[in-house]
$ cat upload-v3.txt   # compact mmCIF, C-alpha atoms
# COMPACT_ATOMS: atom_id res chain seq x y z
CA MET A 290 -6.99 -37.01 -4.77
CA ALA A 291 -9.87 -38.33 -2.65
CA LYS A 292 -9.08 -41.28 -0.46
CA GLN A 293 -10.52 -44.48 -1.86
CA ILE A 294 -12.69 -46.64 0.34
CA GLN A 295 -11.23 -50.07 1.05
CA PHE A 296 -13.76 -52.85 0.59
CA LYS A 297 -13.86 -56.46 1.60
CA ARG A 298 -16.60 -59.04 1.20
CA ILE A 299 -19.50 -58.22 3.45
CA GLU A 300 -20.93 -61.56 4.53
CA GLY A 301 -23.95 -59.83 6.01
CA LEU A 302 -25.14 -59.32 2.43
CA ASP A 303 -25.03 -63.08 1.83
CA PHE A 304 -26.98 -63.59 5.07
CA ALA A 305 -29.57 -61.08 3.84
CA ARG A 306 -29.82 -62.95 0.53
CA ALA A 307 -30.66 -66.14 2.42
CA LEU A 308 -33.38 -64.35 4.39
CA ALA A 309 -34.78 -62.81 1.21
CA MET A 310 -34.78 -66.21 -0.47
CA PHE A 311 -36.70 -67.71 2.45
CA GLY A 312 -39.28 -64.95 2.12
CA MET A 313 -39.58 -65.56 -1.63
CA LEU A 314 -40.07 -69.29 -1.00
CA ILE A 315 -42.90 -68.55 1.43
CA VAL A 316 -44.67 -66.37 -1.14
CA ASN A 317 -44.01 -68.56 -4.19
CA PHE A 318 -44.98 -71.88 -2.60
CA LYS A 319 -48.08 -70.30 -1.08
CA ILE A 320 -49.22 -69.12 -4.49
CA ILE A 321 -48.29 -72.26 -6.42
CA MET A 322 -50.18 -74.43 -3.89
CA GLY A 323 -53.28 -72.24 -4.01
CA ALA A 324 -52.96 -71.70 -0.26
CA ALA A 325 -53.37 -67.91 -0.15
CA GLY A 326 -55.99 -66.99 2.44
CA ASN A 327 -56.57 -70.62 3.44
CA GLY A 328 -55.66 -70.47 7.11
CA PRO A 329 -56.10 -68.60 10.40
CA ASP A 330 -55.88 -64.80 10.41
CA TRP A 331 -52.47 -64.71 12.11
CA LEU A 332 -50.98 -67.00 9.47
CA ILE A 333 -52.51 -64.99 6.64
CA TRP A 334 -50.97 -61.88 8.21
CA PHE A 335 -47.57 -63.53 8.73
CA THR A 336 -47.20 -64.91 5.22
CA GLY A 337 -48.53 -61.65 3.81
CA LEU A 338 -45.59 -59.78 5.37
CA PHE A 339 -43.26 -61.25 2.74
CA GLU A 340 -45.33 -60.40 -0.34
CA GLY A 341 -43.35 -57.94 -2.41
CA ARG A 342 -40.86 -57.24 0.39
CA ALA A 343 -38.73 -60.37 0.00
CA SER A 344 -38.39 -59.83 -3.76
CA ALA A 345 -37.68 -56.13 -3.26
CA THR A 346 -34.87 -57.00 -0.84
CA PHE A 347 -33.51 -59.52 -3.33
CA VAL A 348 -33.42 -56.96 -6.14
CA THR A 349 -31.84 -54.33 -3.88
CA LEU A 350 -29.12 -56.81 -2.93
CA ALA A 351 -28.48 -57.45 -6.63
CA GLY A 352 -27.94 -53.72 -7.11
CA ILE A 353 -25.51 -53.65 -4.19
CA GLY A 354 -23.65 -56.53 -5.78
CA VAL A 355 -23.25 -54.60 -9.02
CA ALA A 356 -22.03 -51.53 -7.12
CA LEU A 357 -19.38 -53.58 -5.32
CA MET A 358 -18.36 -55.40 -8.51
CA THR A 359 -17.84 -52.15 -10.41
CA ARG A 360 -16.17 -50.09 -7.67
CA LYS A 361 -12.75 -50.17 -9.38
CA ALA A 362 -14.25 -48.76 -12.55
CA ARG A 363 -15.92 -46.05 -10.51
CA ASP A 364 -12.85 -45.19 -8.44
CA GLY A 365 -10.30 -45.25 -11.26
CA ALA A 366 -12.58 -44.05 -14.05
CA GLU A 367 -10.34 -45.79 -16.59
CA LEU A 368 -12.21 -46.33 -19.85
CA SER A 369 -10.80 -49.85 -20.29
CA ILE A 370 -12.04 -50.98 -16.85
CA ILE A 371 -15.41 -49.31 -17.36
CA LYS A 372 -15.82 -51.07 -20.71
CA GLU A 373 -14.73 -54.41 -19.23
CA ASN A 374 -17.28 -54.12 -16.42
CA ARG A 375 -20.00 -53.03 -18.80
CA VAL A 376 -19.41 -55.99 -21.12
CA LYS A 377 -19.43 -58.37 -18.14
CA LEU A 378 -22.78 -56.95 -17.04
CA TRP A 379 -24.16 -57.29 -20.56
CA LYS A 380 -23.19 -60.96 -20.58
CA ARG A 381 -24.73 -61.60 -17.16
CA SER A 382 -27.80 -59.70 -18.22
CA ALA A 383 -28.19 -61.94 -21.26
CA PHE A 384 -27.57 -65.07 -19.16
CA LEU A 385 -30.21 -64.18 -16.54
CA PHE A 386 -32.69 -63.02 -19.18
CA THR A 387 -32.32 -66.28 -21.10
CA LEU A 388 -32.42 -68.46 -17.97
CA GLY A 389 -35.57 -66.69 -16.82
CA LEU A 390 -37.32 -67.26 -20.14
CA LEU A 391 -36.33 -70.93 -20.04
CA LEU A 392 -37.97 -71.17 -16.62
CA TYR A 393 -41.04 -69.46 -18.06
CA VAL A 394 -41.13 -72.03 -20.87
CA ALA A 395 -40.96 -74.70 -18.14
CA ASP A 396 -44.24 -73.21 -16.84
CA TRP A 397 -42.73 -71.04 -14.09
CA THR A 398 -44.74 -67.93 -14.98
CA GLY A 399 -43.68 -66.14 -11.79
CA ASP A 400 -40.08 -65.83 -12.96
CA ILE A 401 -38.04 -62.84 -11.82
CA LEU A 402 -34.73 -63.62 -13.56
CA HIS A 403 -35.60 -62.24 -16.99
CA TYR A 404 -36.59 -58.98 -15.31
CA TYR A 405 -33.22 -59.07 -13.50
CA GLY A 406 -31.55 -59.26 -16.86
CA VAL A 407 -33.15 -55.99 -17.94
CA TYR A 408 -32.40 -54.27 -14.62
CA MET A 409 -28.76 -55.26 -15.06
CA LEU A 410 -28.69 -54.02 -18.65
CA ILE A 411 -29.92 -50.60 -17.49
CA ALA A 412 -27.42 -50.65 -14.61
CA SER A 413 -24.53 -51.30 -17.02
CA PHE A 414 -24.89 -47.78 -18.38
CA LEU A 415 -24.89 -46.24 -14.89
CA ILE A 416 -21.83 -47.75 -13.22
CA VAL A 417 -19.99 -44.41 -13.20
CA ALA A 418 -23.08 -42.17 -13.06
CA SER A 419 -23.27 -39.79 -10.12
CA THR A 420 -25.51 -40.64 -7.19
CA LYS A 421 -27.54 -37.52 -7.91
CA ARG A 422 -28.17 -38.63 -11.48
CA MET A 423 -29.25 -42.09 -10.30
CA ILE A 424 -31.67 -40.61 -7.78
CA ILE A 425 -33.17 -38.41 -10.50
CA LEU A 426 -33.45 -41.38 -12.86
CA SER A 427 -35.10 -43.51 -10.16
CA SER A 428 -37.60 -40.72 -9.51
CA LEU A 429 -38.44 -40.53 -13.21
CA PHE A 430 -38.98 -44.28 -13.39
CA LEU A 431 -41.23 -44.14 -10.32
CA ILE A 432 -43.30 -41.13 -11.44
CA THR A 433 -43.68 -42.51 -14.96
CA SER A 434 -44.81 -45.84 -13.52
CA GLN A 435 -47.49 -44.19 -11.38
CA ILE A 436 -48.76 -42.19 -14.35
CA LEU A 437 -48.97 -45.35 -16.48
CA GLN A 438 -50.87 -47.19 -13.73
CA VAL A 439 -53.46 -44.42 -13.54
CA THR A 440 -53.85 -43.76 -17.27
CA MET A 441 -53.60 -47.31 -18.70
CA ASN A 442 -55.44 -50.57 -18.07
CA TYR A 443 -53.28 -52.32 -15.48
CA LEU A 444 -55.21 -55.59 -15.89
CA LYS A 445 -54.68 -55.87 -19.65
CA GLY A 446 -53.19 -59.21 -20.61
CA TRP A 447 -54.17 -61.01 -17.39
CA HIS A 448 -56.72 -63.83 -17.52
CA PRO A 449 -59.99 -62.36 -16.16
CA GLU A 450 -60.83 -65.54 -14.22
CA GLN A 451 -57.25 -66.23 -13.08
CA LEU A 452 -56.20 -62.69 -12.30
CA PHE A 453 -52.45 -62.32 -11.69
CA MET A 454 -52.00 -66.04 -12.23
CA GLU A 455 -52.04 -66.37 -16.03
CA TYR A 456 -50.84 -63.84 -18.62
CA LEU A 457 -52.66 -64.52 -21.87
CA ASP A 458 -50.44 -62.86 -24.50
CA PHE A 459 -46.99 -63.11 -22.90
CA TRP A 460 -45.48 -64.63 -26.04
CA THR A 461 -46.64 -61.85 -28.36
CA ILE A 462 -44.47 -58.77 -28.94
CA GLU A 463 -47.03 -56.38 -27.47
CA GLY A 464 -47.85 -58.64 -24.52
CA PHE A 465 -44.21 -59.39 -23.72
CA ILE A 466 -43.24 -55.71 -23.71
CA ARG A 467 -46.33 -54.78 -21.67
CA ASN A 468 -45.58 -57.50 -19.13
CA LEU A 469 -41.89 -56.62 -18.96
CA LEU A 470 -42.26 -52.87 -18.60
CA PHE A 471 -45.69 -52.21 -17.15
CA ASN A 472 -47.83 -54.87 -15.48
CA GLY A 473 -45.91 -58.13 -15.06
CA TYR A 474 -44.93 -59.48 -11.65
CA HIS A 475 -41.76 -57.34 -11.46
CA PRO A 476 -42.05 -54.76 -14.27
CA VAL A 477 -39.13 -52.48 -15.08
CA PHE A 478 -41.40 -49.52 -14.33
CA PRO A 479 -40.90 -49.22 -11.37
CA TRP A 480 -39.01 -52.30 -10.05
CA VAL A 481 -35.69 -51.11 -11.46
CA CYS A 482 -35.84 -48.50 -8.68
CA PHE A 483 -34.93 -51.22 -6.15
CA PHE A 484 -31.90 -52.16 -8.26
CA LEU A 485 -30.79 -48.53 -8.50
CA LEU A 486 -31.33 -48.12 -4.75
CA GLY A 487 -28.96 -51.03 -4.22
CA MET A 488 -26.37 -49.47 -6.51
CA ILE A 489 -26.57 -46.24 -4.52
CA PHE A 490 -26.47 -48.02 -1.16
CA GLY A 491 -23.57 -50.21 -2.31
CA ARG A 492 -21.42 -47.12 -2.87
CA LEU A 493 -21.46 -46.34 0.85
CA ASP A 494 -18.76 -47.56 3.19
CA LEU A 495 -20.84 -50.22 4.91
CA SER A 496 -17.93 -51.18 7.16
CA LYS A 497 -18.61 -48.01 9.16
CA LYS A 498 -21.25 -48.33 11.88
CA ALA A 499 -22.06 -44.64 11.69
CA VAL A 500 -23.06 -45.04 8.04
CA ARG A 501 -25.14 -48.13 8.75
CA ASN A 502 -26.82 -46.54 11.76
CA LYS A 503 -27.79 -43.48 9.76
CA MET A 504 -29.32 -45.61 7.00
CA LEU A 505 -31.11 -47.79 9.56
CA TYR A 506 -32.68 -44.85 11.39
CA ILE A 507 -33.72 -43.12 8.18
CA SER A 508 -35.25 -46.35 6.86
CA LEU A 509 -37.11 -47.11 10.09
CA PHE A 510 -38.56 -43.59 10.18
CA SER A 511 -39.47 -43.78 6.49
CA LEU A 512 -41.13 -47.19 6.82
CA ILE A 513 -43.31 -46.14 9.76
CA THR A 514 -44.21 -42.80 8.16
CA ILE A 515 -45.13 -44.32 4.79
CA GLU A 516 -47.20 -47.14 6.30
CA VAL A 517 -49.13 -44.66 8.46
CA LEU A 518 -49.56 -42.33 5.48
CA SER A 519 -50.87 -45.24 3.40
CA LYS A 520 -53.55 -46.08 5.97
CA VAL A 521 -54.55 -42.41 6.39
CA LEU A 522 -54.80 -41.77 2.65
CA MET A 523 -56.86 -44.90 2.04
CA ARG A 524 -59.29 -43.94 4.78
CA LEU A 525 -59.59 -40.28 3.75
CA SER A 526 -59.98 -41.12 0.07
CA LEU A 527 -63.01 -43.33 0.74
CA SER A 528 -65.13 -40.18 0.73
CA VAL A 529 -64.48 -39.81 -3.02
CA LEU A 530 -63.20 -43.25 -4.09
CA ASP A 531 -64.39 -46.82 -3.71
CA GLY A 532 -62.31 -49.25 -1.68
CA ASN A 533 -60.61 -50.90 -4.66
CA SER A 534 -59.54 -47.55 -6.12
CA ALA A 535 -58.21 -46.36 -2.76
CA GLU A 536 -56.12 -49.52 -2.41
CA PHE A 537 -54.93 -49.27 -6.01
CA LEU A 538 -53.52 -45.81 -5.34
CA PHE A 539 -52.39 -45.91 -1.72
CA GLN A 540 -51.71 -49.48 -0.52
CA THR A 541 -48.15 -50.72 0.05
CA GLY A 542 -48.58 -54.20 -1.42
CA PRO A 543 -46.92 -55.27 -4.68
CA ILE A 544 -49.97 -55.16 -6.97
CA PRO A 545 -49.84 -52.57 -8.32
CA PRO A 546 -46.34 -51.35 -7.36
CA ASN A 547 -47.33 -47.73 -6.76
CA ILE A 548 -45.18 -44.97 -5.28
CA LEU A 549 -45.98 -45.82 -1.66
CA TYR A 550 -45.16 -49.49 -2.28
CA ILE A 551 -41.74 -48.66 -3.71
CA LEU A 552 -40.91 -46.25 -0.88
CA SER A 553 -42.12 -48.57 1.89
CA ASN A 554 -40.39 -51.64 0.49
CA SER A 555 -37.18 -49.73 -0.21
CA ALA A 556 -37.09 -48.81 3.47
CA SER A 557 -37.80 -52.36 4.65
CA ALA A 558 -35.14 -53.74 2.28
CA ILE A 559 -32.47 -51.46 3.76
CA ILE A 560 -33.58 -52.39 7.30
CA VAL A 561 -33.21 -56.11 6.56
CA ILE A 562 -29.82 -55.61 4.90
CA VAL A 563 -28.36 -53.42 7.66
CA ALA A 564 -29.75 -55.70 10.38
CA SER A 565 -28.20 -58.68 8.60
CA ILE A 566 -24.78 -57.03 8.60
CA TYR A 567 -25.05 -56.41 12.35
CA ILE A 568 -26.22 -59.97 13.05
CA VAL A 569 -23.31 -61.47 11.12
CA GLU A 570 -20.80 -59.19 12.83
CA LYS A 571 -22.02 -60.28 16.27
CA PHE A 572 -22.66 -63.97 15.64
CA ALA A 573 -20.27 -64.73 12.80
CA GLU A 574 -18.89 -67.88 14.46
CA GLN A 575 -22.27 -69.51 15.04
CA TRP A 576 -22.92 -72.55 12.83
CA LEU A 577 -26.38 -71.39 11.79
CA ILE A 578 -25.11 -67.95 10.75
CA LYS A 579 -22.25 -69.47 8.75
CA SER A 580 -24.68 -71.88 7.11
CA LEU A 581 -27.07 -69.10 6.13
CA ILE A 582 -24.18 -67.11 4.68
CA GLN A 583 -23.27 -70.10 2.51
CA THR A 584 -26.92 -70.48 1.54
CA GLY A 585 -27.03 -66.84 0.49
CA GLN A 586 -24.03 -67.42 -1.76
CA LEU A 587 -26.01 -70.04 -3.71
CA THR A 588 -29.31 -68.20 -4.11
CA LEU A 589 -29.35 -68.40 -7.91
CA THR A 590 -28.98 -72.18 -7.69
CA HIS A 591 -31.68 -72.37 -5.02
CA TYR A 592 -34.03 -70.20 -7.07
CA VAL A 593 -33.78 -72.59 -10.01
CA SER A 594 -33.99 -75.55 -7.61
CA HIS A 595 -37.25 -74.38 -6.06
CA VAL A 596 -38.81 -74.25 -9.52
CA PHE A 597 -37.79 -77.78 -10.51
CA ASN A 598 -37.25 -79.64 -7.25
CA GLY A 599 -39.73 -77.83 -5.03
CA VAL A 600 -42.62 -77.58 -7.48
CA GLY A 601 -41.71 -81.01 -8.88
CA LEU A 602 -42.14 -82.60 -5.45
CA LEU A 603 -45.48 -80.86 -4.96
CA ALA A 604 -46.67 -82.07 -8.36
CA LEU A 605 -45.51 -85.62 -7.58
CA PHE A 606 -47.60 -85.73 -4.42
CA ASN A 607 -50.53 -83.84 -5.99
CA ARG A 608 -50.16 -80.84 -3.69
CA LEU A 609 -50.45 -78.00 -6.21
CA GLU A 610 -54.06 -77.04 -5.49
CA ASN A 611 -56.24 -76.11 -2.52
CA GLN A 612 -53.57 -76.54 0.15
CA THR A 613 -53.59 -74.86 3.56
CA LEU A 614 -51.24 -72.09 4.58
CA ALA A 615 -49.97 -74.30 7.39
CA PHE A 616 -48.93 -77.03 4.96
CA SER A 617 -47.43 -74.46 2.62
CA LEU A 618 -45.34 -72.93 5.41
CA VAL A 619 -44.16 -76.32 6.74
CA PHE A 620 -43.13 -77.40 3.23
CA THR A 621 -41.30 -74.09 2.74
CA ILE A 622 -39.39 -74.49 6.00
CA LEU A 623 -38.39 -78.07 5.15
CA PHE A 624 -37.30 -77.07 1.65
CA PHE A 625 -35.28 -74.17 3.05
CA VAL A 626 -33.60 -76.41 5.63
CA ALA A 627 -32.71 -78.85 2.84
CA SER A 628 -31.29 -75.93 0.87
CA ILE A 629 -29.13 -74.94 3.85
CA PHE A 630 -27.68 -78.43 4.20
CA PHE A 631 -27.02 -78.63 0.46
CA SER A 632 -25.25 -75.25 0.60
CA VAL A 633 -23.01 -76.32 3.49
CA LEU A 634 -22.04 -79.59 1.81
CA TRP A 635 -21.49 -77.94 -1.57
CA ARG A 636 -19.43 -75.03 -0.24
CA ASN A 637 -17.17 -77.42 1.63
CA LYS A 638 -15.96 -78.65 -1.76
CA PHE A 639 -16.69 -75.87 -4.24
CA LYS A 640 -16.30 -72.09 -4.23
CA ARG A 641 -19.53 -71.37 -6.13
CA GLY A 642 -22.92 -72.99 -6.58
CA PRO A 643 -23.56 -74.97 -9.78
CA ILE A 644 -25.67 -72.31 -11.53
CA GLU A 645 -23.39 -69.53 -10.25
CA TRP A 646 -20.39 -71.44 -11.66
CA ILE A 647 -22.05 -71.80 -15.05
CA MET A 648 -22.87 -68.10 -15.12
CA ARG A 649 -19.29 -67.13 -14.24
CA LYS A 650 -17.88 -69.47 -16.89
CA MET A 651 -20.13 -68.03 -19.55
CA THR A 652 -19.83 -64.37 -18.62
CA ASP A 653 -16.36 -63.69 -17.11
$ encode --input "upload-v3.txt" --output "structure tokens"
Amino acid sequence: MAKQIQFKRIEGLDFARALAMFGMLIVNFKIIMGAAGNGPDWLIWFTGLFEGRASATFVTLAGIGVALMTRKARDGAELSIIKENRVKLWKRSAFLFTLGLLLYVADWTGDILHYYGVYMLIASFLIVASTKRMIILSSLFLITSQILQVTMNYLKGWHPEQLFMEYLDFWTIEGFIRNLLFNGYHPVFPWVCFFLLGMIFGRLDLSKKAVRNKMLYISLFSLITIEVLSKVLMRLSLSVLDGNSAEFLFQTGPIPPNILYILSNSASAIIVIVASIYIVEKFAEQWLIKSLIQTGQLTLTHYVSHVFNGVGLLALFNRLENQTLAFSLVFTILFFVASIFFSVLWRNKFKRGPIEWIMRKMTD
């Protein structure tokens, strides 16, 4: 019998969640304030670094979480444990899907949680699937997505004058399915690939430095190679394509999420996660590191909070339009600092965040 890997909680993953959340706050507040592009070049570049990458890291971490949660089912292969884990994932999938739609009803059209619900539903059928099968499935999702982007109208459903800000037929059956699977902010084709990547990565023995180093080196090489390839392909293709078409096919930004985007952001997600594990191992006793770990353990609560508290504050002070990137970034930092302090105070008294506690009560 193969020796089973012994796991314990990896606090570096919580630290990475906090970093990913900070990146998502930068992107979301920038967009909601209408601040995109309204600032010096260096600030446009800096805030642009997080577009698509923070969310990709977040989804990858969710996949790792599922892999760690279901390891007993995978190791023992007992049908009762597999079924128990699958049912638990179905319940959490339904919870996140419903919560996300409630946020959408509350006018948060950039929601990611209802997509999470579908990723988790797909993952529930793969908890004991072989790594090879998951890699093949991820490849099929990615290739199918690229084919759909080339053969179908990627802009269908989006408001022509508020492109990628307002989806006109979200609440129709056709529009909802199109948004969910094809051209929403985080469509299943191909965003589920990040979740499956996390499930694969989470099966590794991350307590071993040799394993982490190997993944870090591979990811660094992949990231550099793909980014260089993207620039080369865009330049070479200009002899037969216009600039917009070249970017559509070969850029590494999130719209559209083409093959190069998925590969580049998969690599950067693994780099952030592995680096976070190393940082926590070396500086685990530092107050800031401990605080960020606690913040990462409450990310679902903070996600909901930034929709109601963050956007609510901006609406109260009439700061939802035509703001500068500098103001957007300062507000984001202040909101994140407030989130850190809330996390520390809350975790001193409670094991889980308020939304996390509700989810556990309803799904365990």
$ residues_near_point --input "upload-v3.txt" --point "(-35.8, -45.1, -16.2)" --cutoff "12 Å" --atoms "all atoms listed in the file" --output "MDAnalysis selection string"
chainID A and resid 407:408 410:412 414:415 422:434 470 476:485
$ atom_distance --input "upload-v3.txt" --atom1 "atom CA of A:Val569" --atom2 "atom CA of A:Phe631"
20.5 Å
$ closest_residue --input "upload-v3.txt" --among "A:Leu518, A:Ile353, A:Leu603, A:Ile582" --to "A:Ala305" --atoms "all atoms listed in the file"
A:Ile582
$ residues_around --input "upload-v3.txt" --residues "A:Glu610" --least-positions-apart "2" --cutoff "10 Å" --atoms "only C-alpha atoms" --output "NGL selection string"
:A and (320-324 or 603-604 or 607-608 or 612-613)
$ residues_around --input "upload-v3.txt" --residues "A:Ser534" --least-positions-apart "6" --cutoff "12 Å" --atoms "all atoms listed in the file" --output "JSON, numbers by chain"
{"A": [438, 439, 522, 523, 524, 526, 527, 528, 540, 545]}
$ atom_distance --input "upload-v3.txt" --atom1 "atom CA of A:Lys372" --atom2 "atom CA of A:Asp400"
29.4 Å
$ atom_distance --input "upload-v3.txt" --atom1 "atom CA of A:Ile515" --atom2 "atom CA of A:Ser553"
6.0 Å
$ decode --input "upload-v3.txt" --residues "stretch 353-405 of chain A" --atoms "C-alpha atoms" --output "compact mmCIF listing (two decimals), in the first residue's frame"
# COMPACT_ATOMS: atom_id res chain seq x y z
CA ILE A 353 -6.56 23.76 -3.60
CA GLY A 354 -9.02 24.04 -0.74
CA VAL A 355 -11.29 21.43 -2.30
CA ALA A 356 -8.32 19.11 -2.89
CA LEU A 357 -7.29 19.36 0.76
CA MET A 358 -10.87 18.96 2.00
CA THR A 359 -11.40 15.78 -0.01
CA ARG A 360 -8.01 14.12 0.54
CA LYS A 361 -9.45 11.41 2.82
CA ALA A 362 -11.94 10.42 0.16
CA ARG A 363 -9.12 10.28 -2.36
CA ASP A 364 -6.73 8.33 -0.13
CA GLY A 365 -9.24 5.83 1.24
CA ALA A 366 -11.49 5.62 -1.81
CA GLU A 367 -14.39 4.56 0.44
CA LEU A 368 -17.70 5.14 -1.32
CA SER A 369 -19.35 6.52 1.83
CA ILE A 370 -16.65 9.18 2.31
CA ILE A 371 -16.65 10.06 -1.39
CA LYS A 372 -20.43 10.50 -1.30
CA GLU A 373 -20.26 12.56 1.90
CA ASN A 374 -17.67 14.90 0.37
CA ARG A 375 -19.60 15.17 -2.86
CA VAL A 376 -22.83 16.11 -1.06
CA LYS A 377 -20.95 18.70 1.02
CA LEU A 378 -19.56 20.24 -2.17
CA TRP A 379 -23.03 20.28 -3.73
CA LYS A 380 -24.36 22.18 -0.73
CA ARG A 381 -21.51 24.70 -0.79
CA SER A 382 -21.93 25.05 -4.52
CA ALA A 383 -25.61 25.90 -4.05
CA PHE A 384 -24.79 28.32 -1.21
CA LEU A 385 -22.16 30.24 -3.22
CA PHE A 386 -24.30 30.23 -6.36
CA THR A 387 -27.28 31.65 -4.46
CA LEU A 388 -25.19 34.19 -2.53
CA GLY A 389 -23.62 35.38 -5.77
CA LEU A 390 -27.00 35.88 -7.44
CA LEU A 391 -28.22 37.80 -4.39
CA LEU A 392 -25.22 40.10 -4.77
CA TYR A 393 -26.07 40.47 -8.46
CA VAL A 394 -29.63 41.43 -7.52
CA ALA A 395 -28.09 44.02 -5.17
CA ASP A 396 -26.49 45.54 -8.31
CA TRP A 397 -23.06 43.90 -7.94
CA THR A 398 -22.83 42.79 -11.56
CA GLY A 399 -19.15 41.86 -11.21
CA ASP A 400 -19.95 38.93 -8.92
CA ILE A 401 -17.68 35.89 -8.99
CA LEU A 402 -19.41 33.72 -6.36
CA HIS A 403 -22.13 32.27 -8.59
CA TYR A 404 -19.40 31.18 -11.01
CA TYR A 405 -17.59 29.62 -8.02
